[in-house]
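Below is one structure; the comments refer to it alone.
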Amino acid sequence: RPTVFAAATFDELEISANGVYRPESFVVGNNEWLSGSFVFNTSVQDWGDYGIGYTDVQVANFANGSMSDDFSDAYLATAAQAAANGSNYAVWNDAYGANAQIEVCVAGVVSGMAVTNIKHTVTAITEGMAPARKFEQNDWLKITATGWKDGETTGETEFYLADFRSETEWVYAENWQWMDLSSLGTVDHISFSISSSDNGDWGMNTPAYFCFDNLGGQASDCQLGEMTVIKLVEDALEEVDATNVEKFFENGQI
């Protein structure tokens with residue numbers, strides 16, 4: 001294990017263009033690997049006739065492009081490139097009960113990380129993509145980070161990847177955003193979960209993924225942007241006879 005603290009930028013991992021880090025050493029079960037002074041896990045699951053499944057943390061370097069219909073590019077970030085230097089970024093997949101903790105080899109206060117959505121999530125919340133429905137008023141999607149020290153929780157903090165609770169403005173992450181983790185205090189492990197207002201009989205309908213980069217680094221080293229905004233302008237209809245007007249959304253616009 002590393003003895004000197006370093007941010008996890010994932011750039012030391014060799015990945016082919018538009019690929020995902022899946023070395024030959026990966027086996028069915030838990031697979032630990034390092035970036036900076038953090039230990040991550042990729043869970044490999046044998047689903048029989050359905051093939052091999054991967055959950056928890058994976059590293060990808062997809063260029064910004066179009067999505068496939070078969071979800072094979074589920075790790076395609078909405079941002080055009082990695083948040084910090086290089087082209088690699090990590091993807092947390094919270095599907096199927098993934099709950100692995102990330103070990104912080106040099107215990108201390110972790111500053112934060114850059115986060116954004118995958119493209120499939122943005123399509124799901126803005127257009128609908130079965131089983132996920134298009135987001136409406138009061139819908140939301142958020143990351144919850146939990147800090148751990150000596151087996152005890154140190155605290156939690158949240159970040160909304162999509163927030164449609166406001167009656168005047170809906171926002172979602174399409175560019176890299178900074179999630180502050182410093183309020184967790186001194187930690188030796190961190191875990192993440194992702195939750196949504198859109199749930200069904202089998203759990204969360206919204207894609208259970210988010211991208212992150214530069215864990216434990218500085219926001220100033222990241223290429224951050226603004227949240228994408230869908231504005232609900234109620235007064236735009238003030239001069240129109242409301243009895244003859246029907247409001248609807250098309251391509252994210254009212």
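By order in the structure tokens, chains are A, B, ...; within a chain, residues start at 1; ligands start at 1, following the order shown.
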Requested in this report: Write out as a ChimeraX atom specification the residues lying within 12 Å of Met129 in chain A, counting only C-alpha atoms and excluding same-chain residues fewer than 3 positions away.
Outcome: /A:69,71,119-126,132-135,198,205-207
With 10 Å as the cut-off and only C-alpha atoms counted, what is the closest atom pair between each nearby residue of range 101-175 of chain A and range 5-19 of chain A? Distances in Å to one decimal, ordered by chain and number, as JSON lines.
```
{"residue": "A:Val104", "atom": "CA", "partner": "A:Phe5", "partner_atom": "CA", "distance": 8.7}
{"residue": "A:Cys105", "atom": "CA", "partner": "A:Phe5", "partner_atom": "CA", "distance": 7.6}
{"residue": "A:Val106", "atom": "CA", "partner": "A:Phe5", "partner_atom": "CA", "distance": 5.6}
{"residue": "A:Ala107", "atom": "CA", "partner": "A:Phe5", "partner_atom": "CA", "distance": 8.4}
{"residue": "A:Gly108", "atom": "CA", "partner": "A:Phe5", "partner_atom": "CA", "distance": 8.7}
{"residue": "A:Val110", "atom": "CA", "partner": "A:Ala7", "partner_atom": "CA", "distance": 9.0}
{"residue": "A:Ser111", "atom": "CA", "partner": "A:Ala7", "partner_atom": "CA", "distance": 9.5}
{"residue": "A:Gly112", "atom": "CA", "partner": "A:Ala7", "partner_atom": "CA", "distance": 9.8}
{"residue": "A:Met113", "atom": "CA", "partner": "A:Ala8", "partner_atom": "CA", "distance": 9.2}
```
Mind dumping the selected residues with all heavy atoms as a PDB file, in the first residue's frame?
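Final output, again-v4.pdb:
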```pdb
ATOM      1  N   VAL A 104      -8.649   4.305   1.645  1.00  0.00           N
ATOM      2  CA  VAL A 104      -7.735   5.451   1.603  1.00  0.00           C
ATOM      3  C   VAL A 104      -6.480   5.010   2.345  1.00  0.00           C
ATOM      4  O   VAL A 104      -6.458   4.913   3.575  1.00  0.00           O
ATOM      5  CB  VAL A 104      -8.363   6.686   2.284  1.00  0.00           C
ATOM      6  CG1 VAL A 104      -7.458   7.906   2.115  1.00  0.00           C
ATOM      7  CG2 VAL A 104      -9.753   6.958   1.730  1.00  0.00           C
ATOM      8  N   CYS A 105      -5.422   4.700   1.591  1.00  0.00           N
ATOM      9  CA  CYS A 105      -4.233   4.088   2.190  1.00  0.00           C
ATOM     10  C   CYS A 105      -3.548   4.999   3.190  1.00  0.00           C
ATOM     11  O   CYS A 105      -2.962   4.528   4.174  1.00  0.00           O
ATOM     12  CB  CYS A 105      -3.244   3.688   1.097  1.00  0.00           C
ATOM     13  SG  CYS A 105      -3.887   2.445  -0.041  1.00  0.00           S
ATOM     14  N   VAL A 106      -3.599   6.296   2.938  1.00  0.00           N
ATOM     15  CA  VAL A 106      -3.022   7.271   3.861  1.00  0.00           C
ATOM     16  C   VAL A 106      -4.191   8.047   4.465  1.00  0.00           C
ATOM     17  O   VAL A 106      -4.708   8.991   3.868  1.00  0.00           O
ATOM     18  CB  VAL A 106      -2.040   8.217   3.144  1.00  0.00           C
ATOM     19  CG1 VAL A 106      -1.408   9.179   4.141  1.00  0.00           C
ATOM     20  CG2 VAL A 106      -0.975   7.429   2.408  1.00  0.00           C
ATOM     21  N   ALA A 107      -4.646   7.606   5.643  1.00  0.00           N
ATOM     22  CA  ALA A 107      -5.845   8.176   6.243  1.00  0.00           C
ATOM     23  C   ALA A 107      -5.711   9.684   6.412  1.00  0.00           C
ATOM     24  O   ALA A 107      -4.654  10.199   6.791  1.00  0.00           O
ATOM     25  CB  ALA A 107      -6.115   7.524   7.597  1.00  0.00           C
ATOM     26  N   GLY A 108      -6.788  10.388   6.102  1.00  0.00           N
ATOM     27  CA  GLY A 108      -6.796  11.838   6.217  1.00  0.00           C
ATOM     28  C   GLY A 108      -8.083  12.401   5.660  1.00  0.00           C
ATOM     29  O   GLY A 108      -9.045  11.670   5.407  1.00  0.00           O
ATOM     30  N   VAL A 110     -10.149  13.773   2.725  1.00  0.00           N
ATOM     31  CA  VAL A 110     -10.177  13.719   1.263  1.00  0.00           C
ATOM     32  C   VAL A 110     -10.920  14.955   0.764  1.00  0.00           C
ATOM     33  O   VAL A 110     -12.081  15.179   1.116  1.00  0.00           O
ATOM     34  CB  VAL A 110     -10.863  12.429   0.771  1.00  0.00           C
ATOM     35  CG1 VAL A 110     -10.944  12.414  -0.749  1.00  0.00           C
ATOM     36  CG2 VAL A 110     -10.107  11.201   1.281  1.00  0.00           C
ATOM     37  N   SER A 111     -10.257  15.739  -0.056  1.00  0.00           N
ATOM     38  CA  SER A 111     -10.790  17.037  -0.465  1.00  0.00           C
ATOM     39  C   SER A 111     -12.103  16.926  -1.228  1.00  0.00           C
ATOM     40  O   SER A 111     -13.063  17.647  -0.962  1.00  0.00           O
ATOM     41  CB  SER A 111      -9.757  17.771  -1.326  1.00  0.00           C
ATOM     42  OG  SER A 111      -9.398  16.956  -2.440  1.00  0.00           O
ATOM     43  N   GLY A 112     -12.159  16.040  -2.197  1.00  0.00           N
ATOM     44  CA  GLY A 112     -13.346  15.923  -3.031  1.00  0.00           C
ATOM     45  C   GLY A 112     -13.015  15.217  -4.331  1.00  0.00           C
ATOM     46  O   GLY A 112     -11.967  14.564  -4.452  1.00  0.00           O
ATOM     47  N   MET A 113     -13.888  15.366  -5.322  1.00  0.00           N
ATOM     48  CA  MET A 113     -13.674  14.731  -6.623  1.00  0.00           C
ATOM     49  C   MET A 113     -14.569  15.406  -7.658  1.00  0.00           C
ATOM     50  O   MET A 113     -15.583  16.044  -7.319  1.00  0.00           O
ATOM     51  CB  MET A 113     -13.996  13.234  -6.556  1.00  0.00           C
ATOM     52  CG  MET A 113     -15.438  12.925  -6.208  1.00  0.00           C
ATOM     53  SD  MET A 113     -15.729  11.134  -6.084  1.00  0.00           S
ATOM     54  CE  MET A 113     -17.503  11.120  -5.737  1.00  0.00           C
TER      55      MET A 113
END
```
Query raised in the report: Leaving out Tyr54 in chain A and any residue of its chain fewer than 2 positions from it, which residues lie within 12 Å of it when counting only C-alpha atoms, given as a PyMOL selection string?
Result: chain A and resi 20-22+26-31+41-47+51-52+56-59+72+74-75+91-98+209
May I have the residues from that selection written out with N, CA and C atoms, as an mmCIF file, in the first residue's frame?
```cif
data_model
loop_
_atom_site.group_PDB
_atom_site.id
_atom_site.type_symbol
_atom_site.label_atom_id
_atom_site.label_comp_id
_atom_site.auth_asym_id
_atom_site.auth_seq_id
_atom_site.Cartn_x
_atom_site.Cartn_y
_atom_site.Cartn_z
ATOM 1 N N VAL A 20 -12.358 0.106 -21.651
ATOM 2 C CA VAL A 20 -12.566 0.010 -20.212
ATOM 3 C C VAL A 20 -11.460 -0.866 -19.637
ATOM 4 N N TYR A 21 -10.987 -0.525 -18.454
ATOM 5 C CA TYR A 21 -9.889 -1.246 -17.816
ATOM 6 C C TYR A 21 -10.368 -2.614 -17.335
ATOM 7 N N ARG A 22 -9.987 -3.653 -18.073
ATOM 8 C CA ARG A 22 -10.324 -5.036 -17.717
ATOM 9 C C ARG A 22 -9.124 -5.926 -18.052
ATOM 10 N N PHE A 26 -8.015 -9.940 -14.026
ATOM 11 C CA PHE A 26 -9.334 -9.906 -13.395
ATOM 12 C C PHE A 26 -9.951 -11.306 -13.396
ATOM 13 N N VAL A 27 -10.525 -11.692 -12.267
ATOM 14 C CA VAL A 27 -11.179 -12.993 -12.131
ATOM 15 C C VAL A 27 -12.600 -12.771 -11.609
ATOM 16 N N VAL A 28 -13.438 -13.788 -11.681
ATOM 17 C CA VAL A 28 -14.778 -13.697 -11.114
ATOM 18 C C VAL A 28 -14.649 -13.493 -9.607
ATOM 19 N N GLY A 29 -15.297 -12.473 -9.106
ATOM 20 C CA GLY A 29 -15.174 -12.087 -7.705
ATOM 21 C C GLY A 29 -14.665 -10.661 -7.607
ATOM 22 N N ASN A 30 -14.038 -10.320 -6.498
ATOM 23 C CA ASN A 30 -13.529 -8.969 -6.276
ATOM 24 C C ASN A 30 -12.101 -8.834 -6.791
ATOM 25 N N ASN A 31 -11.825 -7.712 -7.453
ATOM 26 C CA ASN A 31 -10.504 -7.454 -8.024
ATOM 27 C C ASN A 31 -10.042 -6.073 -7.572
ATOM 28 N N ASN A 41 -12.118 -1.419 -6.141
ATOM 29 C CA ASN A 41 -12.531 -2.786 -6.433
ATOM 30 C C ASN A 41 -13.407 -2.814 -7.681
ATOM 31 N N THR A 42 -13.137 -3.773 -8.552
ATOM 32 C CA THR A 42 -14.024 -4.095 -9.665
ATOM 33 C C THR A 42 -14.579 -5.484 -9.404
ATOM 34 N N SER A 43 -15.879 -5.580 -9.272
ATOM 35 C CA SER A 43 -16.526 -6.866 -9.034
ATOM 36 C C SER A 43 -16.908 -7.494 -10.368
ATOM 37 N N VAL A 44 -16.444 -8.717 -10.598
ATOM 38 C CA VAL A 44 -16.772 -9.462 -11.815
ATOM 39 C C VAL A 44 -17.745 -10.574 -11.436
ATOM 40 N N GLN A 45 -18.871 -10.615 -12.120
ATOM 41 C CA GLN A 45 -19.911 -11.583 -11.800
ATOM 42 C C GLN A 45 -20.259 -12.417 -13.023
ATOM 43 N N ASP A 46 -20.355 -13.739 -12.827
ATOM 44 C CA ASP A 46 -20.732 -14.656 -13.899
ATOM 45 C C ASP A 46 -22.247 -14.820 -13.878
ATOM 46 N N TRP A 47 -22.904 -14.278 -14.879
ATOM 47 C CA TRP A 47 -24.360 -14.324 -14.954
ATOM 48 C C TRP A 47 -24.857 -15.437 -15.874
ATOM 49 N N GLY A 51 -23.874 -13.726 -19.613
ATOM 50 C CA GLY A 51 -22.496 -13.276 -19.759
ATOM 51 C C GLY A 51 -21.867 -12.831 -18.446
ATOM 52 N N ILE A 52 -20.846 -12.027 -18.561
ATOM 53 C CA ILE A 52 -20.093 -11.535 -17.412
ATOM 54 C C ILE A 52 -20.524 -10.113 -17.097
ATOM 55 N N ASP A 56 -19.296 -2.001 -9.274
ATOM 56 C CA ASP A 56 -18.406 -1.181 -8.451
ATOM 57 C C ASP A 56 -17.633 -0.212 -9.349
ATOM 58 N N VAL A 57 -16.313 -0.133 -9.246
ATOM 59 C CA VAL A 57 -15.557 0.904 -9.959
ATOM 60 C C VAL A 57 -14.847 0.325 -11.179
ATOM 61 N N GLN A 58 -14.992 1.013 -12.306
ATOM 62 C CA GLN A 58 -14.211 0.699 -13.496
ATOM 63 C C GLN A 58 -13.624 1.991 -14.052
ATOM 64 N N VAL A 59 -12.604 1.852 -14.865
ATOM 65 C CA VAL A 59 -11.952 3.020 -15.462
ATOM 66 C C VAL A 59 -12.138 2.968 -16.966
ATOM 67 N N SER A 72 -23.578 -1.077 -24.507
ATOM 68 C CA SER A 72 -22.191 -1.523 -24.374
ATOM 69 C C SER A 72 -21.256 -0.376 -24.019
ATOM 70 N N ALA A 74 -21.878 1.945 -21.707
ATOM 71 C CA ALA A 74 -22.505 2.510 -20.519
ATOM 72 C C ALA A 74 -21.564 3.427 -19.755
ATOM 73 N N TYR A 75 -20.269 3.402 -20.095
ATOM 74 C CA TYR A 75 -19.285 4.208 -19.376
ATOM 75 C C TYR A 75 -18.960 5.505 -20.113
ATOM 76 N N VAL A 91 -15.750 5.164 -13.317
ATOM 77 C CA VAL A 91 -17.209 5.083 -13.341
ATOM 78 C C VAL A 91 -17.656 4.191 -12.195
ATOM 79 N N TRP A 92 -18.537 4.710 -11.371
ATOM 80 C CA TRP A 92 -19.120 3.928 -10.285
ATOM 81 C C TRP A 92 -20.429 3.335 -10.783
ATOM 82 N N ASN A 93 -20.553 2.017 -10.701
ATOM 83 C CA ASN A 93 -21.778 1.330 -11.089
ATOM 84 C C ASN A 93 -22.417 0.769 -9.833
ATOM 85 N N ASP A 94 -23.530 1.348 -9.435
ATOM 86 C CA ASP A 94 -24.179 0.979 -8.180
ATOM 87 C C ASP A 94 -25.257 -0.086 -8.386
ATOM 88 N N ALA A 95 -25.287 -0.695 -9.579
ATOM 89 C CA ALA A 95 -26.319 -1.693 -9.865
ATOM 90 C C ALA A 95 -26.073 -2.981 -9.095
ATOM 91 N N TYR A 96 -27.147 -3.738 -8.894
ATOM 92 C CA TYR A 96 -27.080 -5.064 -8.289
ATOM 93 C C TYR A 96 -26.458 -5.035 -6.889
ATOM 94 N N GLY A 97 -26.693 -3.936 -6.159
ATOM 95 C CA GLY A 97 -26.278 -3.893 -4.766
ATOM 96 C C GLY A 97 -24.797 -3.673 -4.545
ATOM 97 N N ALA A 98 -24.115 -3.102 -5.519
ATOM 98 C CA ALA A 98 -22.685 -2.828 -5.334
ATOM 99 C C ALA A 98 -22.495 -1.887 -4.145
ATOM 100 N N TYR A 209 -25.274 4.776 -12.479
ATOM 101 C CA TYR A 209 -23.873 5.056 -12.780
ATOM 102 C C TYR A 209 -23.573 6.526 -12.521
#
```
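Using only C-alpha atoms, the smallest distance between any of A:Trp33, A:Phe192, A:Phe40, A:Tyr50 and Trp148 in chain A comes from A:Phe192.
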Report task. Would you please extract all helix (DSSP H, G or I) residues from range 42-217 of chain A, as assigned by DSSP on the backbone, and give them as a ChimeraX atom specification? Result -> /A:48-50,95-97,119-127,182-184
Store the residues of this selection in a file with N, CA, C and O atoms, as a compact mmCIF listing (two decimals), in the first residue's frame.
```txt
# COMPACT_ATOMS: atom_id res chain seq x y z
N GLY A 48 -24.03 -16.45 -16.08
CA GLY A 48 -24.45 -17.60 -16.88
C GLY A 48 -24.74 -17.24 -18.32
O GLY A 48 -23.88 -16.68 -19.02
N ASP A 49 -25.94 -17.53 -18.78
CA ASP A 49 -26.32 -17.26 -20.18
C ASP A 49 -26.30 -15.77 -20.51
O ASP A 49 -26.29 -15.40 -21.69
N TYR A 50 -26.30 -14.93 -19.47
CA TYR A 50 -26.31 -13.48 -19.71
C TYR A 50 -24.89 -12.90 -19.78
O TYR A 50 -24.73 -11.70 -19.99
N ALA A 95 -25.29 -0.69 -9.58
CA ALA A 95 -26.32 -1.69 -9.86
C ALA A 95 -26.07 -2.98 -9.09
O ALA A 95 -24.95 -3.28 -8.68
N TYR A 96 -27.15 -3.74 -8.89
CA TYR A 96 -27.08 -5.06 -8.29
C TYR A 96 -26.46 -5.03 -6.89
O TYR A 96 -25.76 -5.95 -6.49
N GLY A 97 -26.69 -3.94 -6.16
CA GLY A 97 -26.28 -3.89 -4.77
C GLY A 97 -24.80 -3.67 -4.54
O GLY A 97 -24.27 -4.02 -3.49
N LYS A 119 -23.83 9.38 -20.38
CA LYS A 119 -24.78 9.89 -21.38
C LYS A 119 -26.13 9.19 -21.30
O LYS A 119 -27.18 9.80 -21.54
N HIS A 120 -26.13 7.89 -20.98
CA HIS A 120 -27.39 7.17 -20.90
C HIS A 120 -28.29 7.76 -19.81
O HIS A 120 -29.51 7.78 -19.95
N THR A 121 -27.70 8.24 -18.72
CA THR A 121 -28.50 8.84 -17.66
C THR A 121 -29.16 10.11 -18.13
O THR A 121 -30.35 10.35 -17.87
N VAL A 122 -28.42 10.96 -18.84
CA VAL A 122 -29.00 12.20 -19.34
C VAL A 122 -30.14 11.91 -20.31
O VAL A 122 -31.19 12.56 -20.27
N THR A 123 -29.96 10.90 -21.17
CA THR A 123 -31.05 10.51 -22.07
C THR A 123 -32.25 10.03 -21.28
O THR A 123 -33.40 10.37 -21.59
N ALA A 124 -32.01 9.25 -20.23
CA ALA A 124 -33.10 8.71 -19.44
C ALA A 124 -33.91 9.82 -18.77
O ALA A 124 -35.15 9.79 -18.76
N ILE A 125 -33.22 10.81 -18.17
CA ILE A 125 -33.95 11.82 -17.41
C ILE A 125 -34.56 12.90 -18.29
O ILE A 125 -35.54 13.55 -17.89
N THR A 126 -34.04 13.11 -19.49
CA THR A 126 -34.57 14.17 -20.36
C THR A 126 -35.53 13.65 -21.42
O THR A 126 -36.37 14.40 -21.91
N GLU A 127 -35.42 12.36 -21.75
CA GLU A 127 -36.28 11.82 -22.80
C GLU A 127 -37.05 10.58 -22.35
O GLU A 127 -38.09 10.25 -22.92
N SER A 182 -14.73 17.02 1.99
CA SER A 182 -13.95 17.36 3.18
C SER A 182 -14.76 17.27 4.47
O SER A 182 -14.20 17.04 5.55
N SER A 183 -16.09 17.42 4.37
CA SER A 183 -16.92 17.37 5.57
C SER A 183 -16.97 15.98 6.18
O SER A 183 -17.42 15.82 7.32
N LEU A 184 -16.49 14.96 5.47
CA LEU A 184 -16.46 13.61 6.01
C LEU A 184 -15.39 13.46 7.08
O LEU A 184 -15.38 12.48 7.83
```
Query - Secondary structure check, strand (DSSP E) residues of range 47-164 of chain A, as a VMD selection string - result: chain A and resid 52 to 60 89 to 93 102 to 109 112 to 116 140 to 149 152 to 163
Query - Shortest interatomic distance to Gln137 in chain A - which of A:Cys211, A:Val109, A:Glu169, A:Gln81, counting only C-alpha atoms - result: A:Glu169
Query raised in the report: So how far away is CA of Ser191 in chain A from CA of Ala100 in chain A, in Å?
Result: 6.6 Å
Requested in this report: State, in Å with one decimal place, the distance from CA of Glu136 in chain A to CA of Asp213 in chain A.
Outcome: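 Atom-to-atom, CA of Glu136 in chain A and CA of Asp213 in chain A are spaced 29.0 Å apart.
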Query - All residues 8 Å or closer to Leu232 in chain A, only C-alpha atoms, same chain fewer than 6 positions away omitted, as a ChimeraX atom specification - result: /A:167-170,254
Residues just named, written with N, CA and C atoms as a PDB file, in the first residue's frame:
```pdb
ATOM      1  N   GLU A 167     -39.429  24.736  -8.645  1.00  0.00           N
ATOM      2  CA  GLU A 167     -40.540  25.066  -9.536  1.00  0.00           C
ATOM      3  C   GLU A 167     -40.139  26.065 -10.604  1.00  0.00           C
ATOM      4  N   THR A 168     -38.914  26.566 -10.538  1.00  0.00           N
ATOM      5  CA  THR A 168     -38.489  27.578 -11.509  1.00  0.00           C
ATOM      6  C   THR A 168     -37.295  27.158 -12.357  1.00  0.00           C
ATOM      7  N   GLU A 169     -36.531  26.141 -11.919  1.00  0.00           N
ATOM      8  CA  GLU A 169     -35.328  25.800 -12.668  1.00  0.00           C
ATOM      9  C   GLU A 169     -34.930  24.350 -12.381  1.00  0.00           C
ATOM     10  N   TRP A 170     -34.756  23.574 -13.434  1.00  0.00           N
ATOM     11  CA  TRP A 170     -34.280  22.198 -13.313  1.00  0.00           C
ATOM     12  C   TRP A 170     -32.847  22.131 -13.810  1.00  0.00           C
ATOM     13  N   ILE A 254     -39.505  24.123 -22.931  1.00  0.00           N
ATOM     14  CA  ILE A 254     -40.928  24.238 -22.662  1.00  0.00           C
ATOM     15  C   ILE A 254     -41.664  24.748 -23.903  1.00  0.00           C
TER      16      ILE A 254
END
```
Query raised in the report: Contacts of Phe159 in chain A at 10 Å or less, counting only C-alpha atoms, minus same-chain residues fewer than 6 places along, as a PyMOL selection string?
Result: chain A and resi 115+141-145+177-181+194
